[in-house]
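Have a look at query.csv below; it lists CSV, N, CA and C atoms.
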chain,number,residue,atom,x,y,z
O,9,MET,N,3.9,-18.1,-11.1
O,9,MET,CA,4.7,-18.4,-12.2
O,9,MET,C,5.8,-19.4,-11.9
O,10,ALA,N,6.5,-19.2,-10.8
O,10,ALA,CA,7.6,-20.1,-10.4
O,10,ALA,C,7.0,-21.5,-10.3
O,11,LEU,N,5.9,-21.7,-9.7
O,11,LEU,CA,5.3,-23.0,-9.5
O,11,LEU,C,4.9,-23.7,-10.9
O,12,ALA,N,4.7,-22.8,-11.9
O,12,ALA,CA,4.3,-23.3,-13.2
O,12,ALA,C,5.6,-23.6,-14.0
O,13,GLY,N,6.8,-23.4,-13.4
O,13,GLY,CA,8.0,-23.7,-14.1
O,13,GLY,C,8.7,-22.5,-14.8
O,14,ASN,N,8.1,-21.3,-14.7
O,14,ASN,CA,8.7,-20.1,-15.3
O,14,ASN,C,9.5,-19.4,-14.3
O,15,ALA,N,10.7,-18.9,-14.7
O,15,ALA,CA,11.5,-18.1,-13.8
O,15,ALA,C,11.0,-16.7,-13.8
O,16,PRO,N,10.3,-16.2,-12.7
O,16,PRO,CA,9.8,-14.9,-12.7
O,16,PRO,C,10.8,-13.8,-12.4
O,17,HIS,N,10.5,-12.6,-12.8
O,17,HIS,CA,11.4,-11.5,-12.5
O,17,HIS,C,10.5,-10.6,-11.6
O,18,ALA,N,11.0,-10.3,-10.4
O,18,ALA,CA,10.2,-9.5,-9.5
O,18,ALA,C,10.9,-8.1,-9.3
O,19,PHE,N,10.1,-7.1,-9.0
O,19,PHE,CA,10.6,-5.7,-8.8
O,19,PHE,C,10.0,-5.3,-7.5
O,20,THR,N,10.8,-4.5,-6.7
O,20,THR,CA,10.3,-3.9,-5.5
O,20,THR,C,10.8,-2.5,-5.4
O,21,ALA,N,10.1,-1.6,-4.7
O,21,ALA,CA,10.5,-0.2,-4.5
O,21,ALA,C,11.3,-0.2,-3.2
O,22,ARG,N,12.5,0.5,-3.3
O,22,ARG,CA,13.3,0.7,-2.1
O,22,ARG,C,13.5,2.2,-1.9
O,23,TYR,N,13.0,2.6,-0.7
O,23,TYR,CA,13.0,4.1,-0.4
O,23,TYR,C,14.2,4.5,0.3
O,24,PHE,N,14.5,5.8,0.1
O,24,PHE,CA,15.6,6.4,0.8
O,24,PHE,C,15.1,7.7,1.4
O,25,GLY,N,15.7,8.1,2.5
O,25,GLY,CA,15.3,9.4,3.2
O,25,GLY,C,14.6,9.1,4.5
O,26,SER,N,14.0,10.1,5.1
O,26,SER,CA,13.3,10.0,6.4
O,26,SER,C,12.3,8.9,6.5
O,27,GLY,N,12.5,8.0,7.5
O,27,GLY,CA,11.5,7.0,7.7
O,27,GLY,C,11.6,5.8,6.7
O,28,ALA,N,12.6,5.8,5.9
O,28,ALA,CA,12.8,4.8,4.9
O,28,ALA,C,13.1,3.4,5.5
O,29,THR,N,13.9,3.4,6.5
O,29,THR,CA,14.3,2.1,7.1
O,29,THR,C,13.0,1.3,7.6
O,30,ALA,N,12.1,2.0,8.3
O,30,ALA,CA,10.9,1.4,8.8
O,30,ALA,C,10.0,0.9,7.6
O,31,ALA,N,10.0,1.5,6.5
O,31,ALA,CA,9.2,1.1,5.4
O,31,ALA,C,9.8,0.2,4.4
O,32,ASP,N,11.1,-0.1,4.6
O,32,ASP,CA,11.9,-0.9,3.6
O,32,ASP,C,11.4,-2.4,3.7
O,33,GLU,N,10.9,-2.9,2.6
O,33,GLU,CA,10.5,-4.3,2.5
O,33,GLU,C,11.4,-5.1,1.5
O,34,THR,N,12.6,-4.5,1.3
O,34,THR,CA,13.5,-5.2,0.3
O,34,THR,C,13.9,-6.5,0.8
O,35,GLY,N,14.2,-6.7,2.1
O,35,GLY,CA,14.6,-8.0,2.7
O,35,GLY,C,13.5,-9.0,2.5
O,36,LEU,N,12.2,-8.6,2.7
O,36,LEU,CA,11.1,-9.6,2.5
O,36,LEU,C,11.0,-9.9,1.1
O,37,ALA,N,11.1,-8.9,0.2
O,37,ALA,CA,11.1,-9.2,-1.2
O,37,ALA,C,12.2,-10.1,-1.7
O,38,ALA,N,13.4,-9.9,-1.1
O,38,ALA,CA,14.5,-10.8,-1.5
O,38,ALA,C,14.3,-12.2,-1.0
O,39,ALA,N,13.7,-12.4,0.2
O,39,ALA,CA,13.4,-13.7,0.7
O,39,ALA,C,12.4,-14.4,-0.2
O,40,LEU,N,11.4,-13.7,-0.6
O,40,LEU,CA,10.4,-14.3,-1.5
O,40,LEU,C,11.0,-14.7,-2.8
O,41,ALA,N,11.8,-13.8,-3.4
O,41,ALA,CA,12.4,-14.0,-4.7
O,41,ALA,C,13.3,-15.2,-4.6
O,42,SER,N,14.1,-15.3,-3.5
O,42,SER,CA,14.9,-16.5,-3.3
O,42,SER,C,14.1,-17.8,-3.2
O,43,ARG,N,13.1,-17.7,-2.5
O,43,ARG,CA,12.2,-18.9,-2.3
O,43,ARG,C,11.7,-19.5,-3.6
O,44,TYR,N,11.3,-18.5,-4.5
O,44,TYR,CA,10.7,-19.0,-5.7
O,44,TYR,C,11.6,-18.9,-6.9
O,45,GLY,N,12.9,-18.6,-6.7
O,45,GLY,CA,13.8,-18.6,-7.8
O,45,GLY,C,13.6,-17.4,-8.7
O,46,ALA,N,13.1,-16.3,-8.2
O,46,ALA,CA,12.9,-15.2,-9.1
O,46,ALA,C,14.1,-14.2,-9.0
O,47,GLU,N,14.3,-13.6,-10.1
O,47,GLU,CA,15.3,-12.5,-10.2
O,47,GLU,C,14.6,-11.3,-9.6
O,48,LEU,N,15.3,-10.6,-8.7
O,48,LEU,CA,14.7,-9.4,-8.0
O,48,LEU,C,15.5,-8.2,-8.4
O,49,THR,N,14.7,-7.2,-8.8
O,49,THR,CA,15.3,-5.9,-9.1
O,49,THR,C,14.7,-4.8,-8.2
O,50,PRO,N,15.5,-4.3,-7.3
O,50,PRO,CA,15.0,-3.2,-6.5
O,50,PRO,C,15.0,-1.9,-7.3
O,51,ILE,N,14.0,-1.1,-7.2
O,51,ILE,CA,13.9,0.2,-7.9
O,51,ILE,C,14.1,1.3,-6.8
O,52,ASP,N,15.1,2.1,-6.9
O,52,ASP,CA,15.3,3.1,-5.8
O,52,ASP,C,14.4,4.3,-6.0
O,53,ILE,N,13.8,4.6,-4.9
O,53,ILE,CA,12.9,5.8,-4.9
O,53,ILE,C,13.7,6.8,-4.0
O,54,ARG,N,14.2,7.9,-4.7
O,54,ARG,CA,15.0,8.9,-4.0
O,54,ARG,C,14.2,10.2,-4.0
O,55,ARG,N,14.8,11.1,-3.2
O,55,ARG,CA,14.1,12.5,-3.1
O,55,ARG,C,14.2,13.3,-4.4
O,56,GLU,N,15.1,13.0,-5.3
O,56,GLU,CA,15.3,13.8,-6.5
O,56,GLU,C,14.2,13.3,-7.5
O,57,ILE,N,13.0,13.7,-7.3
O,57,ILE,CA,11.9,13.3,-8.1
O,57,ILE,C,11.2,14.4,-8.9
O,58,ARG,N,11.7,15.6,-8.8
O,58,ARG,CA,11.0,16.7,-9.4
O,58,ARG,C,10.7,16.5,-10.9
O,59,ASN,N,11.6,15.9,-11.6
O,59,ASN,CA,11.5,15.7,-13.0
O,59,ASN,C,10.4,14.7,-13.4
O,60,ILE,N,9.8,14.0,-12.5
O,60,ILE,CA,8.8,13.0,-12.9
O,60,ILE,C,7.4,13.5,-12.6
O,61,PHE,N,7.3,14.6,-11.9
O,61,PHE,CA,5.9,15.1,-11.5
O,61,PHE,C,5.1,15.5,-12.8
O,62,GLU,N,5.7,16.2,-13.7
O,62,GLU,CA,5.0,16.6,-14.9
O,62,GLU,C,4.5,15.4,-15.7
O,63,PRO,N,5.3,14.4,-16.0
O,63,PRO,CA,4.8,13.2,-16.7
O,63,PRO,C,3.7,12.5,-16.0
O,64,ILE,N,3.8,12.4,-14.7
O,64,ILE,CA,2.7,11.8,-13.9
O,64,ILE,C,1.4,12.6,-14.0
O,65,VAL,N,1.5,13.9,-13.8
O,65,VAL,CA,0.3,14.7,-13.9
O,65,VAL,C,-0.3,14.6,-15.3
O,66,ARG,N,0.5,14.6,-16.3
O,66,ARG,CA,0.1,14.5,-17.7
O,66,ARG,C,-0.6,13.2,-18.0
O,67,ALA,N,0.0,12.1,-17.5
O,67,ALA,CA,-0.6,10.8,-17.7
O,67,ALA,C,-1.9,10.6,-16.9
O,68,LEU,N,-2.0,11.1,-15.7
O,68,LEU,CA,-3.2,10.9,-15.0
O,68,LEU,C,-4.3,11.9,-15.4
O,69,ASP,N,-4.0,13.0,-16.0
O,69,ASP,CA,-4.9,14.0,-16.6
O,69,ASP,C,-5.9,14.5,-15.6
O,70,GLU,N,-5.6,14.5,-14.3
O,70,GLU,CA,-6.4,15.0,-13.3
O,70,GLU,C,-5.6,15.2,-12.0
O,71,PRO,N,-6.1,16.1,-11.1
O,71,PRO,CA,-5.4,16.3,-9.8
O,71,PRO,C,-5.3,14.9,-9.1
O,72,HIS,N,-4.2,14.7,-8.4
O,72,HIS,CA,-3.9,13.4,-7.8
O,72,HIS,C,-3.1,13.7,-6.5
O,73,ALA,N,-3.7,13.4,-5.4
O,73,ALA,CA,-3.0,13.7,-4.1
O,73,ALA,C,-2.4,12.5,-3.4
O,74,ASP,N,-2.3,11.4,-4.1
O,74,ASP,CA,-1.7,10.1,-3.6
O,74,ASP,C,-0.3,10.0,-4.0
O,75,ASP,N,0.6,10.1,-3.0
O,75,ASP,CA,2.0,10.1,-3.3
O,75,ASP,C,2.5,8.7,-3.7
O,76,SER,N,1.7,7.7,-3.7
O,76,SER,CA,2.1,6.4,-4.2
O,76,SER,C,2.2,6.4,-5.7
O,77,ALA,N,1.7,7.4,-6.3
O,77,ALA,CA,1.9,7.5,-7.8
O,77,ALA,C,3.4,7.6,-8.2
O,78,ILE,N,4.2,8.1,-7.3
O,78,ILE,CA,5.7,8.2,-7.6
O,78,ILE,C,6.3,6.9,-7.7
O,79,PRO,N,6.3,6.0,-6.6
O,79,PRO,CA,6.9,4.7,-6.8
O,79,PRO,C,6.2,3.9,-7.9
O,80,THR,N,4.9,4.0,-8.0
O,80,THR,CA,4.2,3.3,-9.0
O,80,THR,C,4.7,3.6,-10.4
O,81,TRP,N,4.9,4.9,-10.6
O,81,TRP,CA,5.4,5.4,-11.9
O,81,TRP,C,6.8,4.9,-12.2
O,82,LEU,N,7.7,5.0,-11.2
O,82,LEU,CA,9.1,4.5,-11.4
O,82,LEU,C,9.2,3.0,-11.6
O,83,LEU,N,8.4,2.2,-10.8
O,83,LEU,CA,8.3,0.8,-11.0
O,83,LEU,C,7.8,0.4,-12.4
O,84,SER,N,6.7,1.1,-12.8
O,84,SER,CA,6.1,0.9,-14.1
O,84,SER,C,7.1,1.2,-15.2
O,85,GLU,N,7.9,2.2,-15.1
O,85,GLU,CA,8.9,2.5,-16.1
O,85,GLU,C,9.9,1.4,-16.2
O,86,ALA,N,10.4,0.9,-15.1
O,86,ALA,CA,11.4,-0.1,-15.0
O,86,ALA,C,10.9,-1.4,-15.6
O,87,VAL,N,9.7,-1.8,-15.1
O,87,VAL,CA,9.1,-3.1,-15.6
O,87,VAL,C,8.6,-3.0,-17.0
O,88,GLY,N,8.0,-1.9,-17.4
O,88,GLY,CA,7.4,-1.8,-18.7
O,88,GLY,C,8.5,-1.7,-19.8
O,89,SER,N,9.7,-1.4,-19.5
O,89,SER,CA,10.7,-1.3,-20.5
O,89,SER,C,11.1,-2.7,-21.0
O,90,ARG,N,10.8,-3.8,-20.2
O,90,ARG,CA,11.1,-5.1,-20.6
O,90,ARG,C,10.0,-6.1,-20.6
O,91,TYR,N,8.9,-5.8,-19.9
O,91,TYR,CA,7.9,-6.8,-19.6
O,91,TYR,C,6.5,-6.2,-19.8
O,92,SER,N,5.5,-7.2,-20.0
O,92,SER,CA,4.1,-6.9,-19.7
O,92,SER,C,4.0,-7.5,-18.3
O,93,ALA,N,3.2,-6.8,-17.4
O,93,ALA,CA,3.3,-7.2,-16.0
O,93,ALA,C,2.0,-7.3,-15.3
O,94,LEU,N,2.0,-8.1,-14.2
O,94,LEU,CA,0.9,-8.1,-13.2
O,94,LEU,C,1.5,-7.4,-12.0
O,95,THR,N,0.6,-6.6,-11.4
O,95,THR,CA,1.1,-5.8,-10.2
O,95,THR,C,0.4,-6.3,-8.9
O,96,GLY,N,1.0,-5.9,-7.8
O,96,GLY,CA,0.4,-6.2,-6.5
O,96,GLY,C,-0.4,-5.0,-6.0
O,97,ILE,N,-0.6,-4.0,-6.9
O,97,ILE,CA,-1.3,-2.8,-6.5
O,97,ILE,C,-2.8,-3.1,-6.3
O,98,GLY,N,-3.3,-2.7,-5.1
O,98,GLY,CA,-4.7,-2.9,-4.8
O,98,GLY,C,-4.9,-4.1,-3.9
O,99,GLY,N,-3.9,-5.0,-3.7
O,99,GLY,CA,-4.0,-6.2,-2.9
O,99,GLY,C,-4.4,-5.8,-1.5
O,100,ASP,N,-3.8,-4.8,-0.9
O,100,ASP,CA,-4.1,-4.4,0.5
O,100,ASP,C,-5.5,-4.0,0.6
O,101,GLU,N,-6.0,-3.3,-0.4
O,101,GLU,CA,-7.5,-2.9,-0.3
O,101,GLU,C,-8.4,-4.1,-0.5
O,102,LEU,N,-8.0,-5.0,-1.5
O,102,LEU,CA,-8.8,-6.2,-1.7
O,102,LEU,C,-8.9,-7.2,-0.6
O,103,PHE,N,-7.8,-7.3,0.1
O,103,PHE,CA,-7.7,-8.3,1.2
O,103,PHE,C,-7.7,-7.7,2.6
O,104,ALA,N,-8.1,-6.4,2.7
O,104,ALA,CA,-8.3,-5.7,4.0
O,104,ALA,C,-7.0,-5.7,4.7
O,105,GLY,N,-5.9,-5.2,4.1
O,105,GLY,CA,-4.6,-5.3,4.7
O,105,GLY,C,-4.2,-4.0,5.5
O,106,TYR,N,-5.1,-3.1,5.7
O,106,TYR,CA,-4.8,-1.9,6.5
O,106,TYR,C,-5.6,-1.9,7.7
O,107,ARG,N,-5.0,-1.3,8.8
O,107,ARG,CA,-5.8,-1.2,10.1
O,107,ARG,C,-7.2,-0.7,9.9
O,108,ARG,N,-7.3,0.3,9.0
O,108,ARG,CA,-8.6,0.9,8.9
O,108,ARG,C,-9.7,-0.1,8.4
O,109,HIS,N,-9.3,-1.3,7.9
O,109,HIS,CA,-10.2,-2.3,7.5
O,109,HIS,C,-10.7,-3.2,8.6
O,110,ILE,N,-10.1,-3.1,9.8
O,110,ILE,CA,-10.5,-4.0,10.9
O,110,ILE,C,-12.0,-4.0,11.1
O,111,GLY,N,-12.6,-2.8,11.1
O,111,GLY,CA,-14.0,-2.7,11.4
O,111,GLY,C,-14.9,-3.4,10.4
O,112,LEU,N,-14.4,-3.7,9.2
O,112,LEU,CA,-15.1,-4.4,8.2
O,112,LEU,C,-15.4,-5.9,8.6
O,113,PHE,N,-14.5,-6.4,9.4
O,113,PHE,CA,-14.7,-7.8,9.8
O,113,PHE,C,-15.9,-8.0,10.8
O,114,GLY,N,-16.1,-7.0,11.6
O,114,GLY,CA,-17.2,-7.0,12.6
O,114,GLY,C,-18.5,-6.4,12.1
O,115,ASP,N,-18.4,-5.8,10.9
O,115,ASP,CA,-19.6,-5.1,10.4
O,115,ASP,C,-20.8,-5.9,10.4
O,116,GLY,N,-20.8,-7.1,9.9
O,116,GLY,CA,-22.0,-7.9,9.8
O,116,GLY,C,-22.6,-8.2,11.1
O,117,ALA,N,-21.7,-8.5,12.1
O,117,ALA,CA,-22.2,-8.8,13.5
O,117,ALA,C,-22.9,-7.6,14.1
O,118,VAL,N,-22.3,-6.4,13.9
O,118,VAL,CA,-22.8,-5.2,14.4
O,118,VAL,C,-24.2,-4.9,13.8
O,119,ARG,N,-24.3,-5.1,12.5
O,119,ARG,CA,-25.6,-4.8,11.8
O,119,ARG,C,-26.7,-5.7,12.3
O,120,ARG,N,-26.4,-6.8,12.8
O,120,ARG,CA,-27.4,-7.7,13.3
O,120,ARG,C,-27.9,-7.4,14.7
O,121,LEU,N,-27.2,-6.5,15.4
O,121,LEU,CA,-27.6,-6.0,16.7
O,121,LEU,C,-28.8,-5.1,16.6
O,122,PRO,N,-29.7,-5.1,17.6
O,122,PRO,CA,-30.9,-4.2,17.5
O,122,PRO,C,-30.4,-2.8,17.4
O,123,ALA,N,-31.2,-2.0,16.8
O,123,ALA,CA,-30.9,-0.6,16.5
O,123,ALA,C,-30.6,0.2,17.9
O,124,ALA,N,-31.4,-0.2,18.9
O,124,ALA,CA,-31.2,0.5,20.2
O,124,ALA,C,-29.8,0.2,20.8
O,125,VAL,N,-29.4,-1.0,20.6
O,125,VAL,CA,-28.0,-1.4,21.1
O,125,VAL,C,-26.9,-0.6,20.3
O,126,ARG,N,-27.1,-0.6,19.0
O,126,ARG,CA,-26.1,0.2,18.2
O,126,ARG,C,-26.1,1.6,18.6
O,127,ARG,N,-27.2,2.2,18.8
O,127,ARG,CA,-27.3,3.7,19.2
O,127,ARG,C,-26.6,3.9,20.6
O,128,LEU,N,-26.9,2.9,21.5
O,128,LEU,CA,-26.2,3.0,22.8
O,128,LEU,C,-24.7,2.9,22.7
O,129,ALA,N,-24.2,2.0,21.9
O,129,ALA,CA,-22.8,1.8,21.8
O,129,ALA,C,-22.2,3.0,21.1
O,130,ALA,N,-22.9,3.6,20.1
O,130,ALA,CA,-22.4,4.8,19.5
O,130,ALA,C,-22.3,6.0,20.5
O,131,SER,N,-23.3,6.1,21.3
O,131,SER,CA,-23.3,7.2,22.3
O,131,SER,C,-22.2,7.0,23.3
O,132,ALA,N,-22.0,5.7,23.8
O,132,ALA,CA,-20.9,5.4,24.7
O,132,ALA,C,-19.5,5.7,24.1
O,133,SER,N,-19.4,5.4,22.9
O,133,SER,CA,-18.1,5.6,22.2
O,133,SER,C,-17.7,7.1,22.2
O,134,ARG,N,-18.6,8.0,22.2
O,134,ARG,CA,-18.3,9.4,22.2
O,134,ARG,C,-17.8,9.9,23.5
O,135,LEU,N,-17.9,9.1,24.6
O,135,LEU,CA,-17.4,9.4,25.9
O,135,LEU,C,-15.9,9.1,26.0
O,136,LEU,N,-15.4,8.3,25.1
O,136,LEU,CA,-14.0,8.0,25.2
O,136,LEU,C,-13.2,9.1,24.7
O,137,PRO,N,-12.1,9.4,25.4
O,137,PRO,CA,-11.2,10.5,24.9
O,137,PRO,C,-10.6,10.1,23.5
O,138,GLU,N,-10.3,11.0,22.7
O,138,GLU,CA,-9.8,10.8,21.3
O,138,GLU,C,-8.5,9.9,21.4
O,139,ARG,N,-7.7,10.3,22.4
O,139,ARG,CA,-6.4,9.5,22.5
O,139,ARG,C,-6.7,8.1,22.8
O,140,ALA,N,-7.6,7.8,23.7
O,140,ALA,CA,-7.9,6.4,24.1
O,140,ALA,C,-8.4,5.6,22.9
O,141,THR,N,-9.2,6.3,22.0
O,141,THR,CA,-9.7,5.6,20.8
O,141,THR,C,-8.5,5.3,19.9
O,142,ALA,N,-7.6,6.2,19.8
O,142,ALA,CA,-6.4,6.0,18.9
O,142,ALA,C,-5.6,4.8,19.4
O,143,ILE,N,-5.5,4.7,20.7
O,143,ILE,CA,-4.7,3.6,21.3
O,143,ILE,C,-5.4,2.3,21.1
O,144,LEU,N,-6.7,2.2,21.3
O,144,LEU,CA,-7.5,1.0,21.0
O,144,LEU,C,-7.4,0.6,19.6
O,145,VAL,N,-7.5,1.5,18.7
O,145,VAL,CA,-7.4,1.2,17.2
O,145,VAL,C,-6.0,0.7,16.9
O,146,SER,N,-4.9,1.3,17.4
O,146,SER,CA,-3.6,0.9,17.1
O,146,SER,C,-3.2,-0.4,17.7
O,147,THR,N,-3.8,-0.9,18.7
O,147,THR,CA,-3.5,-2.2,19.3
O,147,THR,C,-4.3,-3.3,18.7
O,148,ALA,N,-5.3,-2.9,18.0
O,148,ALA,CA,-6.2,-4.0,17.4
O,148,ALA,C,-5.6,-4.7,16.3
Could you write out this structure as structure tokens?
Amino acid sequence: MALAGNAPHAFTARYFGSGATAADETGLAAALASRYGAELTPIDIRREIRNIFEPIVRALDEPHADDSAIPTWLLSEAVGSRYSALTGIGGDELFAGYRRHIGLFGDGAVRRLPAAVRRLAASASRLLPERATAILVSTA
């Protein structure tokens, strides 16, 4: 939008509580907003959220175990009160942004290996202690 000449308005979730500092992307959001001349509104996600559970459950109309519904709900309320919006939700999944997606990059190469080699590799991987596997995955 900024490159097209429109001044965008960006929103970001800002968390408080245990582990919030490590998850805080407000600085990055501010840098991007500044770069593109966007107004940035941080939406505070605090522990006092009991009063929004019922509206979320009612809106979703089914059991939902993903706690990302809370910041999504609060951001949607803030944005929807003034704008129709595009979101960044789903971008990590679409562009393989999580560690668990690393295996997808090698999937095609592995599928081209002979079945006997794939079985041998699978058997060998079972010999690794669980902790070693976790370390290998976390450093990849």
Open item on the list: If I take atom CA of Ile60 of chain O and atom C of Ala73 of chain O, how far is one from the other in Å, to one decimal?
Closed with: 14.7 Å
TODO: Tell me which of O:Ile51, O:Leu102, O:Ala117, O:Ile78 sits closest to Ala21 of chain O, counting all atoms listed in the file.
DONE: O:Ile51
Open item on the list: Let's see if you can do this: from backbone DSSP, list all helix (DSSP H, G or I) residues in chain O, as a PyMOL selection string.
Closed with: chain O and resi 28-31+34-44+58-68+77-88+99-102+107-120+123-133+138-147
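Once Ile53 of chain O and its same-chain neighbours fewer than 5 positions away are set aside, Ala21, Arg22, Tyr23, Phe24, Ile78, Pro79 and Leu82 of chain O remain within 9 Å of it when counting only C-alpha atoms.
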Open item on the list: Please compute the atom CA of Pro50 of chain O-atom CA of Thr20 of chain O distance, one decimal, in Å.
Closed with: 4.9 Å
- [ ] Skip Pro63 of chain O itself and residues of its chain fewer than 4 positions away, then list as a ChimeraX atom specification all residues within 12 Å of it, counting only C-alpha atoms.
- [x] /O:57-59,67-70,77-78,81-82,85
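Coordinates place atom C of Ala30 of chain O at a distance of 25.2 Å from atom N of Gly88 of chain O.
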